[in-house]
Each structure stands twice: as structure tokens, then as C-alpha cells.
$ cat coords.pdb   # PDB, C-alpha atoms and all ligand atoms
ATOM      1  CA  MET A  16      64.850 -90.205 -54.335
ATOM      2  CA  THR A  17      68.646 -90.314 -54.763
ATOM      3  CA  VAL A  18      70.524 -87.623 -52.853
ATOM      4  CA  SER A  19      72.816 -85.702 -55.220
ATOM      5  CA  GLU A  20      75.997 -83.743 -54.494
ATOM      6  CA  THR A  21      73.978 -80.537 -54.935
ATOM      7  CA  ASP A  22      71.381 -81.748 -52.407
ATOM      8  CA  ARG A  23      74.198 -82.505 -49.952
ATOM      9  CA  ARG A  24      75.781 -79.081 -50.375
ATOM     10  CA  ILE A  25      72.459 -77.246 -49.932
ATOM     11  CA  ARG A  26      71.648 -79.255 -46.810
ATOM     12  CA  SER A  27      75.139 -78.787 -45.347
ATOM     13  CA  LEU A  28      74.817 -74.987 -45.467
ATOM     14  CA  ARG A  29      71.563 -74.853 -43.515
ATOM     15  CA  PRO A  30      71.451 -73.358 -40.029
ATOM     16  CA  ALA A  31      70.267 -75.596 -37.169
ATOM     17  CA  LYS A  32      66.637 -76.644 -37.208
ATOM     18  CA  ALA A  33      64.179 -76.393 -34.291
ATOM     19  CA  GLN A  34      62.518 -79.500 -32.884
ATOM     20  CA  PHE A  35      58.715 -79.762 -33.004
ATOM     21  CA  ASP A  36      56.074 -81.743 -31.201
ATOM     22  CA  PRO A  37      54.857 -84.054 -33.999
ATOM     23  CA  TYR A  38      51.270 -83.860 -32.707
ATOM     24  CA  THR A  39      50.914 -80.053 -32.612
ATOM     25  CA  ALA A  40      50.623 -77.811 -35.679
ATOM     26  CA  GLN A  41      53.328 -75.200 -35.980
ATOM     27  CA  ARG A  42      50.720 -72.413 -36.149
ATOM     28  CA  SER A  43      47.533 -71.312 -37.852
ATOM     29  CA  MET A  44      46.230 -68.036 -39.193
ATOM     30  CA  LEU A  45      43.067 -66.416 -40.530
ATOM     31  CA  GLU A  46      42.973 -64.260 -43.637
ATOM     32  CA  GLU A  47      40.609 -62.911 -46.244
ATOM     33  CA  GLU A  48      41.343 -63.767 -49.868
ATOM     34  CA  ARG A  49      39.778 -62.799 -53.165
ATOM     35  CA  ARG A  50      38.741 -65.558 -55.586
ATOM     36  CA  PRO A  51      38.174 -65.361 -59.344
ATOM     37  CA  GLY A  52      34.739 -63.776 -59.694
ATOM     38  CA  GLY A  53      35.481 -61.354 -56.889
ATOM     39  CA  GLN A  54      34.048 -63.054 -53.819
ATOM     40  CA  ILE A  55      36.081 -62.699 -50.632
ATOM     41  CA  GLU A  56      36.717 -65.904 -48.723
ATOM     42  CA  ARG A  57      37.536 -66.362 -45.042
ATOM     43  CA  VAL A  58      40.547 -68.654 -45.044
ATOM     44  CA  LEU A  59      42.127 -70.666 -42.255
ATOM     45  CA  THR A  60      45.706 -71.774 -42.903
ATOM     46  CA  ALA A  61      47.054 -74.648 -40.819
ATOM     47  CA  PHE A  62      50.828 -75.018 -40.877
ATOM     48  CA  LEU A  63      51.260 -78.731 -40.244
ATOM     49  CA  VAL A  64      54.506 -80.350 -39.165
ATOM     50  CA  GLY A  65      55.660 -83.571 -40.849
ATOM     51  CA  ALA A  66      58.424 -85.158 -42.886
ATOM     52  CA  GLU A  67      60.748 -82.969 -44.899
ATOM     53  CA  CYS A  68      60.327 -82.648 -48.663
ATOM     54  CA  PRO A  69      62.940 -84.643 -50.636
ATOM     55  CA  PHE A  70      63.402 -82.089 -53.445
ATOM     56  CA  THR A  71      65.903 -79.719 -51.719
ATOM     57  CA  CYS A  72      65.295 -76.587 -53.808
ATOM     58  CA  SER A  73      68.087 -74.037 -53.520
ATOM     59  CA  PHE A  74      65.775 -71.258 -52.298
ATOM     60  CA  CYS A  75      63.624 -73.303 -49.903
ATOM     61  CA  ASP A  76      63.381 -72.522 -46.212
ATOM     62  CA  LEU A  77      60.424 -74.789 -45.446
ATOM     63  CA  TRP A  78      62.624 -77.640 -44.160
ATOM     64  CA  GLN A  79      62.968 -75.712 -40.892
ATOM     65  CA  TRP A  80      59.306 -76.465 -40.116
ATOM     66  CA  THR A  81      59.630 -80.236 -40.521
ATOM     67  CA  THR A  82      60.377 -83.245 -38.334
ATOM     68  CA  ASP A  83      63.190 -85.752 -38.849
ATOM     69  CA  GLY A  84      62.088 -89.004 -40.474
ATOM     70  CA  PRO A  85      58.710 -89.898 -41.949
ATOM     71  CA  THR A  86      55.511 -88.366 -40.545
ATOM     72  CA  ILE A  87      54.038 -90.514 -37.761
ATOM     73  CA  PRO A  88      50.723 -91.954 -39.047
ATOM     74  CA  GLY A  89      47.829 -90.150 -37.384
ATOM     75  CA  ALA A  90      49.930 -87.152 -36.283
ATOM     76  CA  LEU A  91      48.651 -84.745 -38.956
ATOM     77  CA  THR A  92      45.042 -85.628 -38.192
ATOM     78  CA  ARG A  93      45.672 -84.791 -34.535
ATOM     79  CA  GLN A  94      47.366 -81.530 -35.492
ATOM     80  CA  LEU A  95      44.443 -80.542 -37.667
ATOM     81  CA  ARG A  96      41.908 -81.468 -34.995
ATOM     82  CA  GLY A  97      43.719 -79.101 -32.609
ATOM     83  CA  VAL A  98      43.685 -76.258 -35.144
ATOM     84  CA  LEU A  99      39.983 -76.730 -35.892
ATOM     85  CA  GLU A 100      39.142 -76.727 -32.171
ATOM     86  CA  THR A 101      41.002 -73.420 -31.766
ATOM     87  CA  HIS A 102      38.955 -71.836 -34.558
ATOM     88  CA  SER A 103      35.641 -73.589 -33.957
ATOM     89  CA  ALA A 104      33.777 -70.314 -33.441
ATOM     90  CA  GLU A 105      34.823 -68.826 -36.801
ATOM     91  CA  ARG A 106      32.818 -68.764 -40.005
ATOM     92  CA  LEU A 107      35.227 -70.114 -42.590
ATOM     93  CA  ASP A 108      35.079 -70.847 -46.323
ATOM     94  CA  ARG A 109      38.443 -72.447 -47.057
ATOM     95  CA  ILE A 110      41.174 -74.322 -45.259
ATOM     96  CA  LYS A 111      44.759 -74.374 -46.474
ATOM     97  CA  LEU A 112      46.780 -77.326 -45.251
ATOM     98  CA  TYR A 113      50.408 -76.440 -45.696
ATOM     99  CA  ASN A 114      52.773 -79.180 -44.539
ATOM    100  CA  ALA A 115      56.061 -77.642 -45.800
ATOM    101  CA  SER A 116      56.360 -80.581 -48.198
ATOM    102  CA  ASN A 117      54.190 -82.522 -50.665
ATOM    103  CA  PHE A 118      50.700 -83.542 -49.637
ATOM    104  CA  PHE A 119      50.642 -86.508 -52.038
ATOM    105  CA  ASP A 120      53.956 -87.975 -50.872
ATOM    106  CA  VAL A 121      53.049 -90.814 -48.518
ATOM    107  CA  ARG A 122      56.218 -90.213 -46.462
ATOM    108  CA  SER A 123      54.894 -86.730 -45.641
ATOM    109  CA  VAL A 124      51.162 -87.490 -45.458
ATOM    110  CA  PRO A 125      50.432 -91.135 -44.586
ATOM    111  CA  VAL A 126      47.314 -92.737 -46.067
ATOM    112  CA  GLU A 127      45.436 -92.716 -42.757
ATOM    113  CA  ASP A 128      45.963 -88.946 -42.524
ATOM    114  CA  VAL A 129      44.695 -88.390 -46.058
ATOM    115  CA  HIS A 130      41.505 -90.125 -44.918
ATOM    116  CA  GLY A 131      41.489 -88.415 -41.507
ATOM    117  CA  ILE A 132      41.915 -84.960 -43.034
ATOM    118  CA  ALA A 133      39.083 -85.559 -45.511
ATOM    119  CA  GLU A 134      36.825 -86.582 -42.615
ATOM    120  CA  LEU A 135      37.691 -83.455 -40.617
ATOM    121  CA  THR A 136      37.015 -80.921 -43.376
ATOM    122  CA  PRO A 137      33.431 -81.373 -44.650
ATOM    123  CA  ALA A 138      32.446 -77.872 -43.531
ATOM    124  CA  PHE A 139      34.858 -76.158 -45.933
ATOM    125  CA  ALA A 140      33.783 -75.217 -49.464
ATOM    126  CA  GLY A 141      37.450 -75.234 -50.497
ATOM    127  CA  VAL A 142      40.449 -77.265 -49.324
ATOM    128  CA  THR A 143      43.930 -76.250 -50.474
ATOM    129  CA  VAL A 144      47.017 -78.452 -50.222
ATOM    130  CA  GLU A 145      50.518 -78.030 -51.662
ATOM    131  CA  SER A 146      52.502 -80.412 -53.827
ATOM    132  CA  HIS A 147      55.436 -80.618 -56.194
ATOM    133  CA  ALA A 148      54.124 -81.180 -59.733
ATOM    134  CA  SER A 149      55.801 -84.610 -59.785
ATOM    135  CA  THR A 150      53.665 -85.991 -56.954
ATOM    136  CA  ILE A 151      50.341 -85.061 -58.529
ATOM    137  CA  GLY A 152      48.415 -88.007 -59.993
ATOM    138  CA  GLN A 153      45.841 -90.625 -59.061
ATOM    139  CA  LYS A 154      46.250 -89.932 -55.309
ATOM    140  CA  THR A 155      45.237 -86.337 -56.007
ATOM    141  CA  LEU A 156      42.084 -87.433 -57.790
ATOM    142  CA  ASP A 157      41.262 -89.907 -54.991
ATOM    143  CA  PHE A 158      41.654 -87.190 -52.344
ATOM    144  CA  ALA A 159      39.442 -84.803 -54.351
ATOM    145  CA  ALA A 160      36.759 -87.500 -54.502
ATOM    146  CA  ARG A 161      36.867 -87.937 -50.699
ATOM    147  CA  LEU A 162      36.279 -84.242 -49.998
ATOM    148  CA  ASN A 163      32.939 -82.626 -49.490
ATOM    149  CA  GLY A 164      34.287 -79.287 -50.766
ATOM    150  CA  ARG A 165      36.400 -78.573 -53.824
ATOM    151  CA  LEU A 166      40.093 -79.391 -53.857
ATOM    152  CA  GLU A 167      42.709 -76.814 -54.820
ATOM    153  CA  VAL A 168      46.327 -77.850 -55.268
ATOM    154  CA  ALA A 169      49.147 -75.324 -54.970
ATOM    155  CA  ILE A 170      52.201 -76.007 -57.121
ATOM    156  CA  GLY A 171      55.469 -74.072 -57.146
ATOM    157  CA  LEU A 172      56.261 -73.111 -60.731
ATOM    158  CA  GLU A 173      58.857 -70.656 -59.346
ATOM    159  CA  THR A 174      60.284 -69.213 -62.588
ATOM    160  CA  VAL A 175      60.138 -69.853 -66.328
ATOM    161  CA  HIS A 176      63.598 -68.301 -66.803
ATOM    162  CA  PRO A 177      65.209 -71.372 -68.439
ATOM    163  CA  ALA A 178      68.699 -71.173 -66.894
ATOM    164  CA  ALA A 179      67.440 -70.141 -63.465
ATOM    165  CA  ALA A 180      64.744 -72.839 -63.431
ATOM    166  CA  ALA A 181      67.360 -75.481 -64.221
ATOM    167  CA  ALA A 182      69.617 -74.197 -61.429
ATOM    168  CA  LEU A 183      66.941 -74.227 -58.690
ATOM    169  CA  ASN A 184      67.544 -77.950 -58.021
ATOM    170  CA  LYS A 185      63.766 -78.375 -58.090
ATOM    171  CA  LYS A 186      63.877 -81.225 -60.642
ATOM    172  CA  LEU A 187      60.927 -79.658 -62.449
ATOM    173  CA  ASP A 188      60.636 -78.850 -66.121
ATOM    174  CA  LEU A 189      57.855 -76.909 -67.791
ATOM    175  CA  ALA A 190      56.405 -80.006 -69.478
ATOM    176  CA  ARG A 191      55.967 -81.654 -66.063
ATOM    177  CA  PHE A 192      54.305 -78.552 -64.628
ATOM    178  CA  ASP A 193      52.025 -78.239 -67.669
ATOM    179  CA  ALA A 194      50.983 -81.911 -67.441
ATOM    180  CA  ALA A 195      50.156 -81.597 -63.724
ATOM    181  CA  ALA A 196      48.192 -78.393 -64.391
ATOM    182  CA  ARG A 197      46.235 -80.117 -67.161
ATOM    183  CA  LEU A 198      45.389 -83.095 -64.954
ATOM    184  CA  LEU A 199      44.017 -80.795 -62.260
ATOM    185  CA  VAL A 200      42.044 -78.539 -64.562
ATOM    186  CA  ASP A 201      40.588 -81.502 -66.535
ATOM    187  CA  ASN A 202      39.367 -82.992 -63.263
ATOM    188  CA  ARG A 203      37.790 -79.815 -61.892
ATOM    189  CA  ILE A 204      40.477 -79.360 -59.267
ATOM    190  CA  ASP A 205      41.562 -75.758 -58.785
ATOM    191  CA  LEU A 206      45.170 -74.812 -59.460
ATOM    192  CA  ARG A 207      47.029 -72.320 -57.288
ATOM    193  CA  VAL A 208      50.567 -71.472 -58.386
ATOM    194  CA  PHE A 209      53.519 -70.089 -56.452
ATOM    195  CA  VAL A 210      55.809 -67.810 -58.463
ATOM    196  CA  LEU A 211      59.093 -66.479 -57.128
ATOM    197  CA  LEU A 212      60.226 -62.884 -57.127
ATOM    198  CA  GLY A 213      64.022 -62.755 -56.962
ATOM    199  CA  ALA A 214      64.803 -66.316 -58.041
ATOM    200  CA  PRO A 215      68.565 -66.991 -57.954
ATOM    201  CA  TYR A 216      70.333 -66.645 -61.311
ATOM    202  CA  VAL A 217      67.685 -64.282 -62.709
ATOM    203  CA  PRO A 218      69.520 -60.988 -63.388
ATOM    204  CA  VAL A 219      68.310 -58.349 -60.911
ATOM    205  CA  ASP A 220      67.278 -55.910 -63.627
ATOM    206  CA  GLU A 221      65.119 -58.648 -65.233
ATOM    207  CA  SER A 222      63.674 -59.931 -61.991
ATOM    208  CA  VAL A 223      60.257 -58.268 -62.213
ATOM    209  CA  GLU A 224      59.919 -59.104 -65.911
ATOM    210  CA  TRP A 225      60.558 -62.841 -65.339
ATOM    211  CA  THR A 226      58.111 -62.921 -62.461
ATOM    212  CA  VAL A 227      55.451 -61.383 -64.700
ATOM    213  CA  ARG A 228      56.243 -63.886 -67.494
ATOM    214  CA  THR A 229      56.007 -66.774 -65.030
ATOM    215  CA  VAL A 230      52.644 -65.547 -63.735
ATOM    216  CA  ALA A 231      51.399 -65.357 -67.348
ATOM    217  CA  HIS A 232      52.494 -68.966 -67.949
ATOM    218  CA  ALA A 233      50.599 -70.130 -64.859
ATOM    219  CA  VAL A 234      47.437 -68.261 -65.870
ATOM    220  CA  ASP A 235      47.645 -69.677 -69.407
ATOM    221  CA  ARG A 236      47.773 -73.190 -67.924
ATOM    222  CA  GLY A 237      44.562 -72.623 -65.983
ATOM    223  CA  ALA A 238      45.678 -71.290 -62.591
ATOM    224  CA  SER A 239      42.823 -69.665 -60.725
ATOM    225  CA  VAL A 240      45.108 -68.143 -58.094
ATOM    226  CA  VAL A 241      48.751 -67.115 -58.419
ATOM    227  CA  SER A 242      50.783 -65.971 -55.465
ATOM    228  CA  ILE A 243      53.983 -63.983 -56.002
ATOM    229  CA  ILE A 244      56.440 -65.008 -53.296
ATOM    230  CA  PRO A 245      59.559 -62.925 -52.654
ATOM    231  CA  VAL A 246      62.499 -65.278 -52.057
ATOM    232  CA  ARG A 247      63.472 -65.284 -48.365
ATOM    233  CA  ASP A 248      67.186 -65.406 -47.648
ATOM    234  CA  GLY A 249      68.731 -67.170 -44.641
ATOM    235  CA  ASN A 250      68.903 -70.821 -45.737
ATOM    236  CA  GLY A 251      72.692 -70.821 -46.235
ATOM    237  CA  GLU A 252      72.651 -71.702 -49.941
ATOM    238  CA  LEU A 253      71.185 -68.296 -50.830
ATOM    239  CA  GLU A 254      73.984 -66.601 -48.880
ATOM    240  CA  ARG A 255      76.521 -68.664 -50.902
ATOM    241  CA  LEU A 256      74.798 -67.631 -54.147
ATOM    242  CA  SER A 257      74.672 -64.022 -53.003
ATOM    243  CA  SER A 258      78.433 -63.997 -52.294
ATOM    244  CA  GLN A 259      79.103 -65.044 -55.886
ATOM    245  CA  GLY A 260      76.656 -62.482 -57.321
ATOM    246  CA  ASP A 261      73.917 -64.961 -58.298
ATOM    247  CA  PHE A 262      71.245 -63.860 -55.812
ATOM    248  CA  SER A 263      69.966 -60.528 -54.497
ATOM    249  CA  ALA A 264      67.157 -60.357 -51.983
ATOM    250  CA  PRO A 265      64.023 -58.942 -53.702
ATOM    251  CA  THR A 266      62.756 -55.554 -52.572
ATOM    252  CA  LEU A 267      59.391 -54.143 -51.578
ATOM    253  CA  SER A 268      59.459 -51.894 -54.605
ATOM    254  CA  GLN A 269      60.011 -54.873 -56.948
ATOM    255  CA  LEU A 270      57.068 -56.661 -55.340
ATOM    256  CA  GLU A 271      54.836 -53.662 -56.013
ATOM    257  CA  ALA A 272      56.018 -53.472 -59.618
ATOM    258  CA  ALA A 273      55.466 -57.200 -60.207
ATOM    259  CA  LEU A 274      51.977 -57.200 -58.722
ATOM    260  CA  ASP A 275      50.910 -54.044 -60.562
ATOM    261  CA  ALA A 276      52.003 -55.643 -63.856
ATOM    262  CA  CYS A 277      49.901 -58.766 -63.243
ATOM    263  CA  LEU A 278      46.531 -57.249 -62.417
ATOM    264  CA  ASP A 279      45.104 -57.211 -65.923
ATOM    265  CA  SER A 280      44.081 -60.893 -65.864
ATOM    266  CA  ASP A 281      40.359 -61.523 -65.564
ATOM    267  CA  ARG A 282      40.959 -65.298 -65.487
ATOM    268  CA  ALA A 283      42.955 -65.517 -62.268
ATOM    269  CA  VAL A 284      43.547 -63.760 -58.990
ATOM    270  CA  VAL A 285      47.173 -62.667 -58.713
ATOM    271  CA  SER A 286      48.337 -61.547 -55.304
ATOM    272  CA  ALA A 287      51.531 -60.667 -53.471
ATOM    273  CA  ASP A 288      52.530 -62.981 -50.646
ATOM    274  CA  LEU A 289      52.809 -60.689 -47.619
ATOM    275  CA  TRP A 290      53.468 -63.273 -44.908
ATOM    276  CA  ASP A 291      57.088 -62.105 -44.529
ATOM    277  CA  VAL A 292      56.763 -58.651 -46.022
ATOM    278  CA  ASP A 293      58.508 -57.010 -43.046
ATOM    279  CA  ARG A 294      61.743 -58.699 -44.134
ATOM    280  CA  LEU A 295      61.799 -57.059 -47.569
ATOM    281  CA  PRO A 296      64.335 -54.276 -48.046
ATOM    282  CA  GLY A 297      62.606 -50.928 -48.631
ATOM    283  CA  CYS A 298      62.485 -47.283 -47.626
ATOM    284  CA  ALA A 299      61.821 -46.845 -43.886
ATOM    285  CA  HIS A 300      59.858 -43.655 -44.547
ATOM    286  CA  CYS A 301      57.209 -45.075 -46.905
ATOM    287  CA  ARG A 302      57.262 -48.852 -46.409
ATOM    288  CA  LYS A 303      54.240 -48.920 -44.086
ATOM    289  CA  GLU A 304      52.142 -47.096 -46.665
ATOM    290  CA  ARG A 305      53.433 -49.336 -49.466
ATOM    291  CA  ILE A 306      52.593 -52.503 -47.543
ATOM    292  CA  ALA A 307      49.105 -51.169 -46.767
ATOM    293  CA  ARG A 308      48.646 -50.460 -50.482
ATOM    294  CA  LEU A 309      49.696 -54.027 -51.352
ATOM    295  CA  ARG A 310      47.206 -55.424 -48.819
ATOM    296  CA  ARG A 311      44.385 -53.393 -50.359
ATOM    297  CA  THR A 312      45.415 -54.434 -53.875
ATOM    298  CA  ASN A 313      45.418 -58.120 -52.916
ATOM    299  CA  LEU A 314      41.811 -57.816 -51.841
ATOM    300  CA  SER A 315      40.533 -55.508 -54.564
ATOM    301  CA  GLY A 316      42.588 -56.633 -57.573
ATOM    302  CA  VAL A 317      42.802 -52.998 -58.596
ATOM    303  CA  ALA A 318      46.152 -51.227 -58.999
ATOM    304  CA  GLU A 319      46.061 -47.992 -57.048
ATOM    305  CA  ARG A 320      48.278 -45.087 -57.953
ATOM    306  CA  ARG A 321      51.892 -45.752 -56.845
ATOM    307  CA  ILE A 322      52.997 -44.062 -53.637
ATOM    308  CA  THR A 323      55.444 -41.208 -54.054
ATOM    309  CA  CYS A 324      58.007 -40.560 -51.352
ATOM    310  CA  GLU A 325      60.242 -37.541 -50.864
ATOM    311  CA  VAL A 326      62.916 -39.692 -49.210
ATOM    312  CA  CYS A 327      63.428 -42.631 -51.614
ATOM    313  CA  ARG A 328      61.921 -40.787 -54.607
ATOM    314  CA  GLU A 329      60.495 -44.045 -55.954
TER
HETATM  315  S1  LIG B 401      59.462 -78.633 -53.587
HETATM  316 FE1  LIG B 401      58.711 -77.018 -52.205
HETATM  317  S2  LIG B 401      58.973 -77.820 -50.106
HETATM  318 FE2  LIG B 401      60.187 -79.107 -51.507
HETATM  319  S3  LIG B 401      62.255 -78.236 -51.391
HETATM  320 FE3  LIG B 401      61.220 -77.309 -53.166
HETATM  321  S4  LIG B 401      60.257 -75.402 -52.374
HETATM  322 FE4  LIG B 401      60.832 -76.677 -50.598
HETATM  323 ZN    ZN B 402      60.341 -43.915 -49.432
END
$ encode --input "coords.pdb" --output "C-alpha cells"
Amino acid sequence: MTVSETDRRIRSLRPAKAQFDPYTAQRSMLEEERRPGGQIERVLTAFLVGAECPFTCSFCDLWQWTTDGPTIPGALTRQLRGVLETHSAERLDRIKLYNASNFFDVRSVPVEDVHGIAELTPAFAGVTVESHASTIGQKTLDFAARLNGRLEVAIGLETVHPAAAAALNKKLDLARFDAAARLLVDNRIDLRVFVLLGAPYVPVDESVEWTVRTVAHAVDRGASVVSIIPVRDGNGELERLSSQGDFSAPTLSQLEAALDACLDSDRAVVSADLWDVDRLPGCAHCRKERIARLRRTNLSGVAERRITCEVCRE
């Protein structure tokens, strides 16, 4: 992929990146997640370390968990083997393999690792990987056919706000997303979609509304799971956008409002991404209670009454 001036600027503003052992996963975690139909799955997420994604989105901070150069063939299989050994005593339904890039880009996931990963995961009923819509195609179908369980592919739709989507430097238009979604759904591959809260260039007072509209677009295209991800600042480019008034870090209260507005779908599970929830600006007095409420809502799918607070009065 050609490197543009915008790519260069975004990369030049990044803080220094840590170095990783290419044969050891960055980390892993266990969670419970609700699926359409209501069943609760035990999910193991393996954060694998490999080549950086070439897309250079303006809001992305995943590059910090990548190695320089292409992924060494066989390294991801070794990383996954280590993660599975650590959790060998657990009863698990799903594994998420997040490599901070695109699973179907051979520079990030070499062919021998695609095969190695399929061989290591027969015990899982569901296998989730992540990919830009542009790298979904025949390789996706081939990987699905190799798995014992059912494949789910997570795609970042981010926002359907037309001007903001064009400014994300994601090189993704709605037609491309829709075509990738159709390919997955037509081939009985589950679609998980990432939607941003607080995308740059979306006016702050319209932020929640555009997140809700983007979730609706994903559900209409067949998503079975949609995760609302508050944009995380700190990548340098977001600080530049913030200084010119084009980005404001999303708040805990906005996340609650967005999730509450998306719970009426009986076709998809919509949840709030809480992996970095402690970073979200919010009232010190009630934030613990609000986060606990969001955790319960993610599992139940039911909007509880909003928390009232005498300090922030929200
Ligand atoms: S496509 Fe995903 S991993 Fe790649 S730069 Fe964009 S957000 Fe980051
Ligand atoms: Zn409060």
C-alpha cells in the first residue's frame, strides 16, 4: 500500500513504541459475553503481536502493540500455544484472536500461522478474528472452512458520519463495508462490528446520535454483535486534532447514553467496550456505580434506570 502524506504525518506524531518478544502474546484475558439469543459465552481473548496494520487510521492506537517488519512465520502459532497452555484448565466457548492488524493480510498473519491457528482451536465453538473490510475475501472463506467451530470476523465500521468517515484515513467507504458484510453473512460467517464513540470531526453534541446511527447501519447489514468503542486519546494525531477543535475525548456519560439508545435491537447484541473504561472522563463520585451498571447492561441487554448523582446532577 502506498504511504501518503497523511499516513506520514500520523506516524510522525506517535509516541515511542515498546519492543515485544515476537514469540510471546502481549496478554490474554477471560470474559463473559452475551450472544444473540441470550446465551452467555466464556471468552478467551489472545492479544497477539505481529506486523503493524498498513491503514494508519487517525484514531488508532493499536500500532503500539505490533512488531517492526512482517510477522515471523510460525510466531503467532507459538504465541497462541502459550496462551492456550496458560488457560488449559478453563471451560471456554470462544476465542478472540486480536493481532492489532488484519488477520487476512499475509504480512500480518503468514499462511503457516493461518493453518497453525486453525489446528490449535478445534475445541472452540466460536473463533473471532479482526480485519479491515478490504482484506475480507476468499482467504476468509478458506479459513472458515478450516475451523471446527464457527468463524466470526470483526470489522471496524467506525462511523457513518460522511465527513468524519472520510477524514479517518481508514480508506473505507460504506459500499466496501456493506460488500464485506454481505460476503460474511452469505457464507454463514458471523459479523462483529466496531463502532466509535467520539470519532474525530463528529460534532460533540451529535456524537451519541452518530454512534447510534452507525450501530443501526451495522445491525441492518447483519451484524450479530456490535461493540461501541470510545476513542482513546494519546496517539499524537488525536492531540493535534483536539488542539484545532476537531476531537474531544468521549465521556462515560456519553457511553451510557449511546448504549442505552441501542438496546432495542433483538437481532444483535450491542455492548459498550469497557476495556479502557477507567480512562473515560466522568464524575469521581458516581463513576464506579455507572461502570458497574454498564457491565450489568452488557450482560443482560436490559437498560436499567440511569444513575442519579447529587454531585454531577447527570
Ligand atoms: S484498520 Fe484497524 S488496526 Fe488498522 S490502522 Fe485502522 S483501526 Fe488501526
Ligand atoms: Zn456524579
$ closest_atom_pairs --input "coords.pdb" --of "stretch 55-167 of chain A" --to "stretch 228-245 of chain A" --cutoff "12 Å" --atoms "all atoms listed in the file" --output "CSV"
residue,atom,partner,partner_atom,distance
A:Phe74,CA,A:Pro245,CA,10.4
A:Cys75,CA,A:Pro245,CA,11.5
A:Thr143,CA,A:Val240,CA,11.2
A:Glu167,CA,A:Ser239,CA,9.3
$ residues_near_ligand --input "coords.pdb" --ligand "ligand LIG 401 (chain B)" --cutoff "9 Å" --atoms "all atoms listed in the file" --output "ChimeraX atom specification"
/A:67-78,114-117,145-148,170-171,173,183-186
$ residues_near_ligand --input "coords.pdb" --ligand "ligand ZN 402 (chain B)" --cutoff "8 Å" --atoms "all atoms listed in the file" --output "list in words"
Gly297, Cys298, Ala299, His300, Cys301, Arg302, Thr323, Cys324, Glu325, Val326, Cys327, Arg328 and Glu329 of chain A
$ axis_aligned_box --input "coords.pdb" --around "stretch 19-25 of chain A" --padding-each-side "4 Å" --output "lines of an AutoDock Vina configuration file"
center_x = 73.7
center_y = -81.5
center_z = -52.6
size_x = 12.6
size_y = 16.5
size_z = 13.3
$ resolve_selection --input "coords.pdb" --expression "the PyMOL selection byres (((chain A and resi 191-194) around 8) and not hetatm)" --output "ChimeraX atom specification"
/A:148-149,172,187-190,195-198,236
$ atom_distance --input "coords.pdb" --atom1 "atom CA of A:Val175" --atom2 "atom CA of A:Thr312"
24.7 Å
$ residues_near_point --input "coords.pdb" --point "(38.1, -83.9, -48.8)" --cutoff "9 Å" --atoms "only C-alpha atoms" --output "tab-separated table (two decimals) with C-alpha atoms, keeping the file's coordinate frame"
chain	number	residue	atom	x	y	z
A	129	VAL	CA	44.70	-88.39	-46.06
A	130	HIS	CA	41.50	-90.12	-44.92
A	132	ILE	CA	41.92	-84.96	-43.03
A	133	ALA	CA	39.08	-85.56	-45.51
A	134	GLU	CA	36.83	-86.58	-42.62
A	135	LEU	CA	37.69	-83.46	-40.62
A	136	THR	CA	37.02	-80.92	-43.38
A	137	PRO	CA	33.43	-81.37	-44.65
A	139	PHE	CA	34.86	-76.16	-45.93
A	141	GLY	CA	37.45	-75.23	-50.50
A	142	VAL	CA	40.45	-77.26	-49.32
A	158	PHE	CA	41.65	-87.19	-52.34
A	159	ALA	CA	39.44	-84.80	-54.35
A	160	ALA	CA	36.76	-87.50	-54.50
A	161	ARG	CA	36.87	-87.94	-50.70
A	162	LEU	CA	36.28	-84.24	-50.00
A	163	ASN	CA	32.94	-82.63	-49.49
A	164	GLY	CA	34.29	-79.29	-50.77
A	165	ARG	CA	36.40	-78.57	-53.82
A	166	LEU	CA	40.09	-79.39	-53.86
$ closest_residue --input "coords.pdb" --among "A:Arg294, A:Ser286, A:Ala178, A:Asp108" --to "A:Asn313" --atoms "only C-alpha atoms"
A:Ser286
$ residues_around --input "coords.pdb" --residues "stretch 270-280 of chain A" --least-positions-apart "3" --cutoff "7 Å" --atoms "only C-alpha atoms" --output "list in words"
Val223, Thr226, Val227, Thr266, Leu267, Ala283, Val285, Ser286, Ala287, Leu309, Gly316, Val317 and Ala318 of chain A
$ write_last_selection --input "coords.pdb" --atoms "C-alpha atoms" --output "PDB file, in the coordinates of the input"
ATOM      1  CA  VAL A 223      60.257 -58.268 -62.213  1.00  0.00           C
ATOM      2  CA  THR A 226      58.111 -62.921 -62.461  1.00  0.00           C
ATOM      3  CA  VAL A 227      55.451 -61.383 -64.700  1.00  0.00           C
ATOM      4  CA  THR A 266      62.756 -55.554 -52.572  1.00  0.00           C
ATOM      5  CA  LEU A 267      59.391 -54.143 -51.578  1.00  0.00           C
ATOM      6  CA  ALA A 283      42.955 -65.517 -62.268  1.00  0.00           C
ATOM      7  CA  VAL A 285      47.173 -62.667 -58.713  1.00  0.00           C
ATOM      8  CA  SER A 286      48.337 -61.547 -55.304  1.00  0.00           C
ATOM      9  CA  ALA A 287      51.531 -60.667 -53.471  1.00  0.00           C
ATOM     10  CA  LEU A 309      49.696 -54.027 -51.352  1.00  0.00           C
ATOM     11  CA  GLY A 316      42.588 -56.633 -57.573  1.00  0.00           C
ATOM     12  CA  VAL A 317      42.802 -52.998 -58.596  1.00  0.00           C
ATOM     13  CA  ALA A 318      46.152 -51.227 -58.999  1.00  0.00           C
TER      14      ALA A 318
END
$ closest_residue --input "coords.pdb" --among "A:Phe262, A:Val284, A:Ala180, A:Gly249" --to "A:Val208" --atoms "all atoms listed in the file"
A:Val284
$ closest_residue --input "coords.pdb" --among "A:Gln79, A:Trp225, A:Asp205, A:Leu314" --to "A:Arg29" --atoms "only C-alpha atoms"
A:Gln79
$ closest_residue --input "coords.pdb" --among "A:Leu212, A:Arg255, A:Glu127, A:Ser315" --to "A:Glu47" --atoms "all atoms listed in the file"
A:Ser315
$ closest_residue --input "coords.pdb" --among "A:Leu289, A:Leu156, A:Met44, A:Ala169" --to "A:Leu107" --atoms "all atoms listed in the file"
A:Met44
$ atom_distance --input "coords.pdb" --atom1 "atom CA of A:Arg24" --atom2 "atom CA of A:Ser257"
15.3 Å
$ resolve_selection --input "coords.pdb" --expression "the PyMOL selection byres (((chain A and resi 28) around 10) and not hetatm)" --output "list in words"
Arg23, Arg24, Ile25, Arg26, Ser27, Arg29, Pro30, Ala31, Gly249, Asn250, Gly251, Glu252, Leu253, Glu254 and Arg255 of chain A
$ atom_distance --input "coords.pdb" --atom1 "atom CA of A:Glu224" --atom2 "atom CA of A:Thr174"
10.6 Å
